[in-house]
>>> print(open('protein.tsv').read())   # TSV, C-alpha atoms
chain	number	residue	atom	x	y	z
A	32	MET	CA	-22.91	-7.72	5.11
A	33	SER	CA	-23.15	-8.85	8.75
A	34	ASP	CA	-23.66	-6.42	11.61
A	35	PRO	CA	-20.15	-7.07	13.06
A	36	LEU	CA	-18.55	-6.11	9.74
A	37	LEU	CA	-20.72	-3.01	9.45
A	38	HIS	CA	-19.68	-2.14	12.98
A	39	ASN	CA	-16.01	-2.62	12.04
A	40	GLN	CA	-16.39	-0.38	9.01
A	41	ARG	CA	-17.91	2.37	11.12
A	42	PHE	CA	-15.25	1.93	13.82
A	43	LEU	CA	-12.37	2.10	11.32
A	44	ARG	CA	-13.91	5.04	9.46
A	45	ASN	CA	-14.07	6.93	12.74
A	46	ILE	CA	-10.38	6.26	13.38
A	47	TYR	CA	-9.38	7.48	9.91
A	48	ALA	CA	-11.54	10.57	10.40
A	49	HIS	CA	-10.05	11.29	13.85
A	50	GLY	CA	-13.58	11.24	15.20
A	51	PRO	CA	-14.49	10.88	18.90
A	52	PHE	CA	-12.05	8.42	20.44
A	53	GLU	CA	-13.49	4.88	20.71
A	54	GLY	CA	-10.26	2.93	20.95
A	55	HIS	CA	-7.43	1.80	18.73
A	56	ALA	CA	-8.04	-1.01	16.22
A	57	PHE	CA	-6.58	-4.52	16.30
A	58	VAL	CA	-6.78	-6.52	13.08
A	59	CYS	CA	-5.74	-10.12	12.48
A	60	THR	CA	-5.24	-11.55	9.01
A	61	PRO	CA	-4.67	-15.30	8.54
A	62	PRO	CA	-1.96	-16.95	6.45
A	63	LEU	CA	-2.87	-16.19	2.84
A	64	LEU	CA	-1.88	-17.76	-0.47
A	65	GLY	CA	0.96	-15.81	-2.04
A	66	ILE	CA	1.85	-15.22	-5.66
A	67	CYS	CA	4.19	-18.22	-5.66
A	68	ASP	CA	1.41	-20.48	-4.36
A	69	HIS	CA	-0.53	-20.14	-7.60
A	70	PRO	CA	0.44	-22.74	-10.24
A	71	ASP	CA	0.45	-20.05	-12.95
A	72	TYR	CA	2.32	-17.50	-10.79
A	73	ASP	CA	1.43	-13.78	-11.06
A	74	TYR	CA	-1.74	-13.19	-13.08
A	75	THR	CA	-0.44	-9.96	-14.62
A	76	ILE	CA	2.48	-11.61	-16.44
A	77	SER	CA	0.83	-14.87	-17.45
A	78	ASP	CA	-0.80	-15.69	-20.76
A	79	GLN	CA	-3.38	-17.89	-19.01
A	80	PRO	CA	-6.98	-16.64	-18.64
A	81	VAL	CA	-7.43	-14.47	-15.54
A	82	GLN	CA	-10.34	-16.73	-14.60
A	83	ASN	CA	-7.66	-19.17	-13.40
A	84	TRP	CA	-6.92	-16.80	-10.48
A	85	VAL	CA	-10.48	-16.26	-9.28
A	86	GLY	CA	-10.33	-19.27	-6.98
A	87	TRP	CA	-7.01	-18.03	-5.57
A	88	VAL	CA	-8.51	-14.63	-4.69
A	89	VAL	CA	-11.70	-16.19	-3.34
A	90	GLU	CA	-9.76	-18.62	-1.15
A	91	ASN	CA	-7.83	-15.77	0.44
A	92	TYR	CA	-11.05	-13.85	0.97
A	93	THR	CA	-12.76	-16.89	2.52
A	94	ARG	CA	-9.85	-17.41	4.90
A	95	GLN	CA	-10.24	-13.83	6.10
A	96	VAL	CA	-13.99	-14.24	6.60
A	97	ARG	CA	-13.55	-17.42	8.67
A	98	HIS	CA	-10.73	-15.84	10.69
A	99	GLN	CA	-12.74	-12.70	11.49
A	100	GLU	CA	-15.84	-14.65	12.44
A	101	ALA	CA	-13.85	-16.83	14.84
A	102	LEU	CA	-11.94	-13.94	16.42
A	103	GLY	CA	-14.32	-11.02	16.44
A	104	ASP	CA	-11.45	-8.62	15.73
A	105	ASP	CA	-11.66	-5.27	13.92
A	106	HIS	CA	-10.94	-6.62	10.43
A	107	VAL	CA	-13.12	-6.23	7.33
A	108	PRO	CA	-12.23	-8.94	4.75
A	109	CYS	CA	-11.21	-7.88	1.24
A	110	ALA	CA	-10.75	-9.85	-1.97
A	111	ARG	CA	-7.22	-8.72	-2.67
A	112	LEU	CA	-5.81	-8.50	-6.23
A	113	THR	CA	-2.24	-9.03	-5.09
A	114	THR	CA	0.63	-8.51	-7.54
A	115	GLY	CA	4.36	-7.97	-7.44
A	116	THR	CA	6.01	-4.55	-7.54
A	117	HIS	CA	6.64	-4.91	-11.28
A	118	LEU	CA	3.09	-3.86	-12.23
A	119	PHE	CA	3.71	-0.39	-13.67
A	120	ALA	CA	7.36	-0.86	-14.68
A	121	ALA	CA	6.35	-3.78	-16.87
A	122	ALA	CA	3.85	-1.53	-18.64
A	123	PHE	CA	6.85	0.57	-19.69
A	124	GLY	CA	8.52	-2.43	-21.28
A	125	CYS	CA	10.64	-3.74	-18.42
A	126	GLU	CA	11.33	-7.46	-18.50
A	127	VAL	CA	9.95	-9.20	-15.42
A	128	HIS	CA	12.14	-11.74	-13.65
A	129	ARG	CA	10.33	-14.73	-12.19
A	130	PHE	CA	11.64	-16.27	-8.98
A	131	THR	CA	10.80	-19.76	-7.75
A	132	ASP	CA	10.24	-18.71	-4.16
A	133	SER	CA	9.58	-14.97	-4.22
A	134	ASN	CA	7.46	-12.36	-5.95
A	135	PRO	CA	8.37	-11.23	-9.48
A	136	ALA	CA	10.53	-8.15	-10.00
A	137	ALA	CA	11.01	-5.73	-12.89
A	138	LEU	CA	14.43	-5.49	-14.51
A	139	PRO	CA	15.61	-2.06	-15.67
A	140	ARG	CA	15.46	-1.17	-19.35
A	141	VAL	CA	17.03	2.32	-19.15
A	142	PHE	CA	20.68	3.08	-18.38
A	143	THR	CA	21.23	6.61	-19.72
A	144	ALA	CA	19.45	9.94	-19.83
A	145	ALA	CA	19.02	9.60	-23.58
A	146	GLU	CA	17.32	6.22	-23.16
A	147	ALA	CA	15.10	7.68	-20.44
A	148	ASP	CA	13.97	10.46	-22.76
A	149	ALA	CA	12.99	7.86	-25.37
A	150	VAL	CA	10.50	6.20	-22.99
A	151	GLU	CA	6.90	6.93	-23.98
A	152	GLU	CA	3.79	6.66	-21.87
A	153	PRO	CA	2.08	3.38	-22.78
A	154	ASP	CA	-1.57	2.87	-23.59
A	155	LEU	CA	-3.23	1.67	-20.39
A	156	TRP	CA	-5.50	-0.72	-22.29
A	157	LYS	CA	-2.63	-2.26	-24.25
A	158	SER	CA	-0.51	-3.00	-21.18
A	159	PRO	CA	-1.30	-6.56	-20.03
A	160	THR	CA	-0.08	-6.09	-16.46
A	161	LEU	CA	-2.55	-3.24	-16.07
A	162	TYR	CA	-5.62	-4.27	-18.03
A	163	ARG	CA	-5.49	-7.77	-16.54
A	164	THR	CA	-6.10	-6.25	-13.10
A	165	PHE	CA	-9.38	-4.90	-14.47
A	166	GLU	CA	-10.23	-8.30	-15.93
A	167	LEU	CA	-9.55	-10.16	-12.70
A	168	ALA	CA	-11.44	-7.61	-10.63
A	169	HIS	CA	-14.51	-8.06	-12.83
A	170	ALA	CA	-14.20	-11.85	-12.65
A	171	VAL	CA	-13.91	-11.78	-8.85
A	172	GLN	CA	-16.94	-9.51	-8.58
A	173	ALA	CA	-18.91	-11.91	-10.77
A	174	GLU	CA	-18.02	-14.68	-8.32
A	175	LEU	CA	-18.44	-12.87	-5.00
A	176	GLY	CA	-20.77	-10.00	-5.84
A	177	LYS	CA	-20.16	-6.29	-6.14
A	178	GLU	CA	-20.86	-5.66	-2.46
A	179	VAL	CA	-17.62	-7.46	-1.48
A	180	PHE	CA	-14.65	-5.15	-1.02
A	181	LEU	CA	-11.76	-5.62	-3.40
A	182	GLY	CA	-8.16	-5.03	-2.38
A	183	PRO	CA	-5.86	-3.13	-4.78
A	184	PRO	CA	-2.90	-4.47	-6.72
A	185	ASP	CA	0.57	-3.24	-5.83
A	186	MET	CA	0.79	0.55	-5.91
A	187	GLN	CA	4.09	2.27	-6.68
A	188	SER	CA	4.37	6.04	-7.05
A	189	GLY	CA	5.37	7.29	-10.47
A	190	PHE	CA	8.79	8.22	-9.10
A	191	ASP	CA	9.32	4.77	-7.59
A	192	THR	CA	8.32	3.19	-10.90
A	193	ALA	CA	10.86	5.38	-12.70
A	194	ALA	CA	13.50	4.06	-10.29
A	195	LEU	CA	12.64	0.54	-11.49
A	196	VAL	CA	12.61	1.43	-15.19
A	197	TRP	CA	15.98	3.20	-14.97
A	198	ASP	CA	18.87	1.20	-13.51
A	199	LYS	CA	18.94	2.25	-9.85
A	200	GLY	CA	22.60	3.19	-9.63
A	201	ASP	CA	22.50	5.25	-12.83
A	202	PHE	CA	19.18	6.76	-11.78
A	203	LEU	CA	20.49	8.03	-8.45
A	204	ARG	CA	23.65	9.40	-10.05
A	205	ALA	CA	21.54	11.20	-12.66
A	206	MET	CA	19.51	12.88	-9.92
A	207	ALA	CA	22.71	14.50	-8.63
A	208	ASP	CA	23.97	15.52	-12.08
A	209	PRO	CA	22.58	18.91	-13.24
A	210	GLU	CA	22.83	17.82	-16.89
A	211	GLN	CA	20.95	14.53	-16.37
A	212	ALA	CA	18.49	15.56	-13.66
A	213	PRO	CA	15.97	16.95	-16.19
A	214	ALA	CA	15.73	13.47	-17.72
A	215	VAL	CA	14.90	12.07	-14.28
A	216	HIS	CA	12.10	14.61	-13.97
A	217	ARG	CA	10.76	13.77	-17.42
A	218	LEU	CA	10.76	9.99	-16.85
A	219	ALA	CA	9.23	10.33	-13.39
A	220	ASP	CA	6.53	12.61	-14.81
A	221	THR	CA	5.77	10.09	-17.56
A	222	CYS	CA	5.46	7.28	-15.00
A	223	ALA	CA	3.35	9.49	-12.74
A	224	ARG	CA	0.90	10.25	-15.55
A	225	LEU	CA	0.31	6.56	-16.23
A	226	TYR	CA	-0.11	5.81	-12.53
A	227	LYS	CA	-2.59	8.63	-12.08
A	228	ARG	CA	-4.54	7.59	-15.17
A	229	PHE	CA	-4.69	4.00	-13.88
A	230	LEU	CA	-5.97	5.21	-10.51
A	231	ILE	CA	-8.69	7.34	-12.09
A	232	GLU	CA	-9.94	4.49	-14.28
A	233	PHE	CA	-9.63	1.75	-11.67
A	234	ARG	CA	-11.33	3.72	-8.91
A	235	ARG	CA	-14.14	4.70	-11.28
A	236	GLU	CA	-14.63	1.09	-12.38
A	237	PHE	CA	-14.39	-0.44	-8.89
A	238	PRO	CA	-15.71	1.94	-6.24
A	239	GLN	CA	-15.72	-0.96	-3.75
A	240	CYS	CA	-11.93	-1.30	-3.91
A	241	VAL	CA	-10.36	-0.28	-0.62
A	242	SER	CA	-7.55	2.25	-0.60
A	243	CYS	CA	-5.06	0.41	1.63
A	244	HIS	CA	-2.25	-1.04	-0.43
A	245	CYS	CA	-0.04	-2.28	2.42
A	246	PRO	CA	-0.67	-3.96	4.85
A	247	ASN	CA	-3.96	-5.95	4.56
A	248	THR	CA	-6.09	-3.62	6.66
A	249	TRP	CA	-9.44	-2.31	5.40
A	250	SER	CA	-9.71	1.38	4.62
A	251	PRO	CA	-12.64	3.37	3.24
A	252	PRO	CA	-12.73	3.10	-0.59
A	253	GLU	CA	-13.66	6.76	-0.89
A	254	MET	CA	-10.41	7.90	0.70
A	255	GLY	CA	-7.38	8.80	-1.40
A	256	PRO	CA	-5.05	6.17	-2.88
A	257	TRP	CA	-2.41	4.43	-0.82
A	258	LEU	CA	1.00	3.89	-2.39
A	259	SER	CA	4.55	2.76	-1.77
A	260	ASN	CA	7.07	5.55	-1.31
A	261	ASP	CA	10.27	3.61	-0.70
A	262	GLU	CA	13.01	5.21	-2.77
A	263	CYS	CA	12.99	8.36	-0.65
A	264	GLY	CA	15.28	6.76	1.91
A	265	ALA	CA	18.18	6.81	-0.57
A	266	PHE	CA	18.67	10.56	-0.96
A	267	SER	CA	18.48	13.95	0.71
A	268	ARG	CA	15.51	16.00	1.86
A	269	ARG	CA	16.23	18.53	-0.87
A	270	MET	CA	16.05	15.83	-3.53
A	271	PHE	CA	12.83	14.44	-2.07
A	272	GLN	CA	11.22	17.86	-2.21
A	273	GLU	CA	12.41	18.36	-5.78
A	274	PHE	CA	11.77	14.95	-7.33
A	275	CYS	CA	9.06	13.24	-5.24
A	276	LEU	CA	6.92	15.64	-3.27
A	277	PRO	CA	5.21	17.39	-6.21
A	278	GLU	CA	3.71	14.09	-7.43
A	279	LEU	CA	2.48	13.16	-3.94
A	280	ILE	CA	0.87	16.57	-3.49
A	281	ASP	CA	-0.78	16.34	-6.91
A	282	LEU	CA	-2.22	12.89	-6.12
A	283	ALA	CA	-3.53	14.08	-2.76
A	284	GLU	CA	-5.13	17.14	-4.34
A	285	THR	CA	-6.65	15.05	-7.14
A	286	PHE	CA	-8.14	12.34	-4.92
A	287	GLY	CA	-8.68	14.19	-1.66
A	288	GLY	CA	-5.84	12.67	0.32
A	289	LEU	CA	-3.06	10.08	0.34
A	290	GLY	CA	-2.08	7.02	2.35
A	291	MET	CA	1.48	5.74	2.28
A	292	HIS	CA	3.58	2.65	2.85
A	293	CYS	CA	7.29	3.22	3.43
A	294	CYS	CA	9.79	0.46	4.21
A	295	ALA	CA	12.90	2.61	3.70
A	296	ALA	CA	15.22	4.19	6.24
A	297	ALA	CA	13.54	7.51	5.50
A	298	GLU	CA	13.27	9.17	8.90
A	299	HIS	CA	14.90	12.30	7.48
A	300	GLN	CA	11.89	12.73	5.15
A	301	PHE	CA	9.11	12.34	7.71
A	302	THR	CA	8.61	16.04	8.39
A	303	ALA	CA	8.28	16.68	4.63
A	304	PHE	CA	5.39	14.18	4.49
A	305	ARG	CA	3.40	16.75	6.44
A	306	ALA	CA	3.28	18.88	3.28
A	307	ILE	CA	1.02	16.30	1.60
A	308	PRO	CA	-2.62	17.51	1.82
A	309	ASN	CA	-4.73	15.17	3.94
A	310	PHE	CA	-1.91	12.70	4.46
A	311	TYR	CA	-4.30	10.41	6.30
A	312	ALA	CA	-2.52	7.08	6.87
A	313	PHE	CA	1.04	5.82	7.23
A	314	ASN	CA	2.36	2.27	7.24
A	315	ARG	CA	5.91	1.94	8.47
A	316	VAL	CA	8.13	-1.10	8.89
A	317	LYS	CA	10.80	-1.37	11.53
A	318	ALA	CA	13.70	-0.42	9.22
A	319	GLN	CA	16.95	0.53	10.96
A	320	GLN	CA	15.67	2.79	13.74
A	321	GLY	CA	12.47	1.05	14.76
A	322	TYR	CA	8.94	2.38	15.00
A	323	ASP	CA	9.36	5.07	17.64
A	324	THR	CA	10.79	7.53	15.11
A	325	ILE	CA	7.33	8.09	13.59
A	326	LEU	CA	5.90	9.62	16.75
A	327	GLU	CA	7.51	13.04	17.05
A	328	PRO	CA	7.29	14.17	13.40
A	329	LEU	CA	3.95	12.56	12.53
A	330	GLY	CA	2.02	11.88	15.72
A	331	GLY	CA	-0.87	13.84	17.16
A	332	PRO	CA	-4.45	14.66	16.13
A	333	ASP	CA	-3.42	16.32	12.86
A	334	GLY	CA	-1.06	13.52	11.83
A	335	PRO	CA	-1.84	10.40	9.80
A	336	VAL	CA	-3.36	7.31	11.35
A	337	PHE	CA	-0.55	4.84	11.99
A	338	VAL	CA	-1.47	1.54	10.31
A	339	LEU	CA	1.24	-0.84	11.47
A	340	ALA	CA	1.96	-4.54	11.01
A	341	TRP	CA	4.81	-6.94	11.79
A	342	LEU	CA	5.32	-5.57	15.32
A	343	GLU	CA	6.05	-7.37	18.56
A	344	ALA	CA	3.43	-6.91	21.27
A	345	GLU	CA	5.94	-4.96	23.34
A	346	ASP	CA	6.43	-2.50	20.48
A	347	ILE	CA	2.68	-1.95	20.25
A	348	GLU	CA	2.29	-1.30	23.95
A	349	ARG	CA	5.22	1.11	24.00
A	350	LEU	CA	3.86	3.08	21.04
A	351	LEU	CA	0.46	3.40	22.66
A	352	ARG	CA	2.07	4.48	25.92
A	353	THR	CA	4.41	7.10	24.45
A	354	ALA	CA	2.56	8.49	21.41
A	355	PRO	CA	1.69	12.22	21.34
A	356	PRO	CA	-1.86	13.01	22.48
A	357	GLY	CA	-4.41	12.54	19.72
A	358	SER	CA	-2.49	9.85	17.81
A	359	ARG	CA	-4.56	7.04	16.31
A	360	PHE	CA	-3.42	3.48	15.61
A	361	ILE	CA	-4.55	0.43	13.65
A	362	PHE	CA	-2.40	-2.61	14.38
A	363	GLU	CA	-2.39	-5.71	12.22
A	364	LEU	CA	-1.18	-9.17	13.20
A	365	ASN	CA	-0.30	-10.55	9.80
A	366	GLY	CA	-0.36	-14.23	8.88
A	367	ALA	CA	-1.02	-15.78	12.30
A	368	GLU	CA	-2.93	-19.02	12.75
A	369	LEU	CA	-6.09	-18.82	14.80
A	370	PRO	CA	-4.69	-19.91	18.22
A	371	ASP	CA	-1.84	-17.39	18.06
A	372	ALA	CA	-4.17	-14.69	16.81
A	373	GLN	CA	-6.53	-15.31	19.73
A	374	VAL	CA	-3.70	-14.97	22.26
A	375	TRP	CA	-2.48	-11.75	20.61
A	376	LEU	CA	-5.94	-10.19	20.40
A	377	GLU	CA	-6.74	-11.00	24.03
A	378	ARG	CA	-3.46	-9.45	25.17
A	379	MET	CA	-4.03	-6.32	23.10
A	380	ARG	CA	-7.57	-5.83	24.35
A	381	ARG	CA	-6.55	-6.38	27.97
A	382	SER	CA	-3.90	-3.68	27.67
A	383	PRO	CA	-4.89	-0.52	29.56
A	384	TRP	CA	-3.64	1.49	26.59
A	385	ALA	CA	-5.93	-0.15	23.99
A	386	ARG	CA	-9.00	1.92	24.93
A	387	THR	CA	-7.18	4.89	26.44
A	388	PRO	CA	-6.58	7.99	24.29
A	389	CYS	CA	-2.94	8.72	23.56
>>> encode(input="protein.tsv", output="structure tokens")
Amino acid sequence: MSDPLLHNQRFLRNIYAHGPFEGHAFVCTPPLLGICDHPDYDYTISDQPVQNWVGWVVENYTRQVRHQEALGDDHVPCARLTTGTHLFAAAFGCEVHRFTDSNPAALPRVFTAAEADAVEEPDLWKSPTLYRTFELAHAVQAELGKEVFLGPPDMQSGFDTAALVWDKGDFLRAMADPEQAPAVHRLADTCARLYKRFLIEFRREFPQCVSCHCPNTWSPPEMGPWLSNDECGAFSRRMFQEFCLPELIDLAETFGGLGMHCCAAAEHQFTAFRAIPNFYAFNRVKAQQGYDTILEPLGGPDGPVFVLAWLEAEDIERLLRTAPPGSRFIFELNGAELPDAQVWLERMRRSPWARTPC
């Protein structure tokens, strides 16, 4: 691996570790091939050999390498095993709907508490959506070498998977019904066990797979998993603490920490995220109230590193200017062609806030 990439790894590791301040990170990822760009669609729901997707993964990796070499930004390229959000729900028997112009999505298979209680934890190695991620990862490593970093497939918490398996409206109503709520707990626990088992096996098999699930930023593979926690915007803080938080704490305790992506209007849950041991990274989208709402509850030297994408330059500069002292940021410009990426990176690095501690 080249010296610039080794430098970027060390620089990013220092940010995640809240080490001596050396600056905030600015990452640019080029336009990448999406699931719909592959002629056989998502590799986890196809009956074609996974070898057919190696070129697709390698092309995306090569684009990142060329982009980083031209820009000299803080990115470390990863060979990403991108999937839709259906990955774990499909393992529980959900039908997967294929779109012509969007990622696949799982359709619910449970509509009552009784049906939820009939759901059994599947065998990891008999679930094509799951074992095919292992197959493709091995095939990509055979092509690129084991020293190349892999990127993970889509990561949904066990609770969020349960909300896909069980029809969303019925699922939320069941959470509020004392007679049905135990079935929600049981299904979420079943989904959480499969997710945790997958993580244990996948991380053991592929120690060079980065943790960051969303966005495309590199993160140290040895850090805890990084998952989507999106359903928590739909219900109260009490329900989050009852139904969701125990799983997140267990994952953090098992793997030594947790990173999180959240695209929900979940500001009312942010303070509860602090209860997650070593909650080390947080990716937030703009949602309804913008990005500034992350600063007060989660900013500071003991808060997670903010790993943010899809921001306007003005948003970035404001966050850097107003964040609590000790906050750390990694900003990603996602999907920009080289000329636009160069303009963005130059502006960010000229900003007086880029190398100034918050």
>>> axis_aligned_box(input="protein.tsv", around="segment 230-244 of chain A", padding_each_side="4 Å", output="lines of an AutoDock Vina configuration file")
center_x = -9.0
center_y = 3.0
center_z = -6.3
size_x = 21.5
size_y = 16.6
size_z = 23.9
>>> residues_around(input="protein.tsv", residues="segment 292-299 of chain A", least_positions_apart="4", cutoff="8 Å", atoms="only C-alpha atoms", output="PyMOL selection string")
chain A and resi 244-245+257-265+267-268+313-320+324-325
>>> closest_residue(input="protein.tsv", among="A:Pro153, A:Pro184, A:Pro356, A:Pro159", to="Arg224 of chain A", atoms="all atoms listed in the file")
A:Pro153
>>> residues_around(input="protein.tsv", residues="segment 362-368 of chain A", least_positions_apart="6", cutoff="6 Å", atoms="only C-alpha atoms", output="list in words")
Phe57, Val58, Cys59, Thr60, Pro61, Pro62, Val338, Leu339 and Ala340 of chain A
>>> atom_distance(input="protein.tsv", atom1="atom CA of Glu284 of chain A", atom2="atom CA of Tyr226 of chain A")
14.9 Å
>>> residues_around(input="protein.tsv", residues="Gln211 of chain A", least_positions_apart="2", cutoff="10 Å", atoms="only C-alpha atoms", output="list in words")
Thr143, Ala144, Ala145, Ala147, Phe202, Arg204, Ala205, Met206, Ala207, Asp208, Pro209, Pro213, Ala214, Val215 and His216 of chain A
>>> residues_around(input="protein.tsv", residues="segment 162-171 of chain A", least_positions_apart="6", cutoff="8 Å", atoms="all atoms listed in the file", output="JSON, numbers by chain")
{"A": [74, 75, 81, 82, 84, 85, 88, 89, 110, 112, 155, 156, 181, 184, 233, 237]}
>>> atom_distance(input="protein.tsv", atom1="atom CA of Thr302 of chain A", atom2="atom CA of Asp323 of chain A")
14.4 Å
>>> closest_residue(input="protein.tsv", among="A:Val150, A:Leu203, A:Met254, A:Leu138", to="Asp220 of chain A", atoms="all atoms listed in the file")
A:Val150
>>> closest_residue(input="protein.tsv", among="A:Ser188, A:Leu230, A:Ser250, A:Lys157", to="Phe42 of chain A", atoms="all atoms listed in the file")
A:Ser250
>>> closest_residue(input="protein.tsv", among="A:Pro388, A:Pro370, A:Gly287, A:Pro252", to="His55 of chain A", atoms="all atoms listed in the file")
A:Pro388
>>> residues_near_point(input="protein.tsv", point="(9.0, 7.7, -13.7)", cutoff="12 Å", atoms="only C-alpha atoms", output="ChimeraX atom specification")
/A:119-120,122-123,139,141,147-148,150-152,187-199,202,213-227,262,274-275,278
>>> closest_residue(input="protein.tsv", among="A:Gly54, A:Thr160, A:Arg41, A:Glu90", to="Asp78 of chain A", atoms="only C-alpha atoms")
A:Thr160
>>> closest_residue(input="protein.tsv", among="A:Ala136, A:Pro328, A:Glu53, A:Ala212", to="Ala385 of chain A", atoms="all atoms listed in the file")
A:Glu53
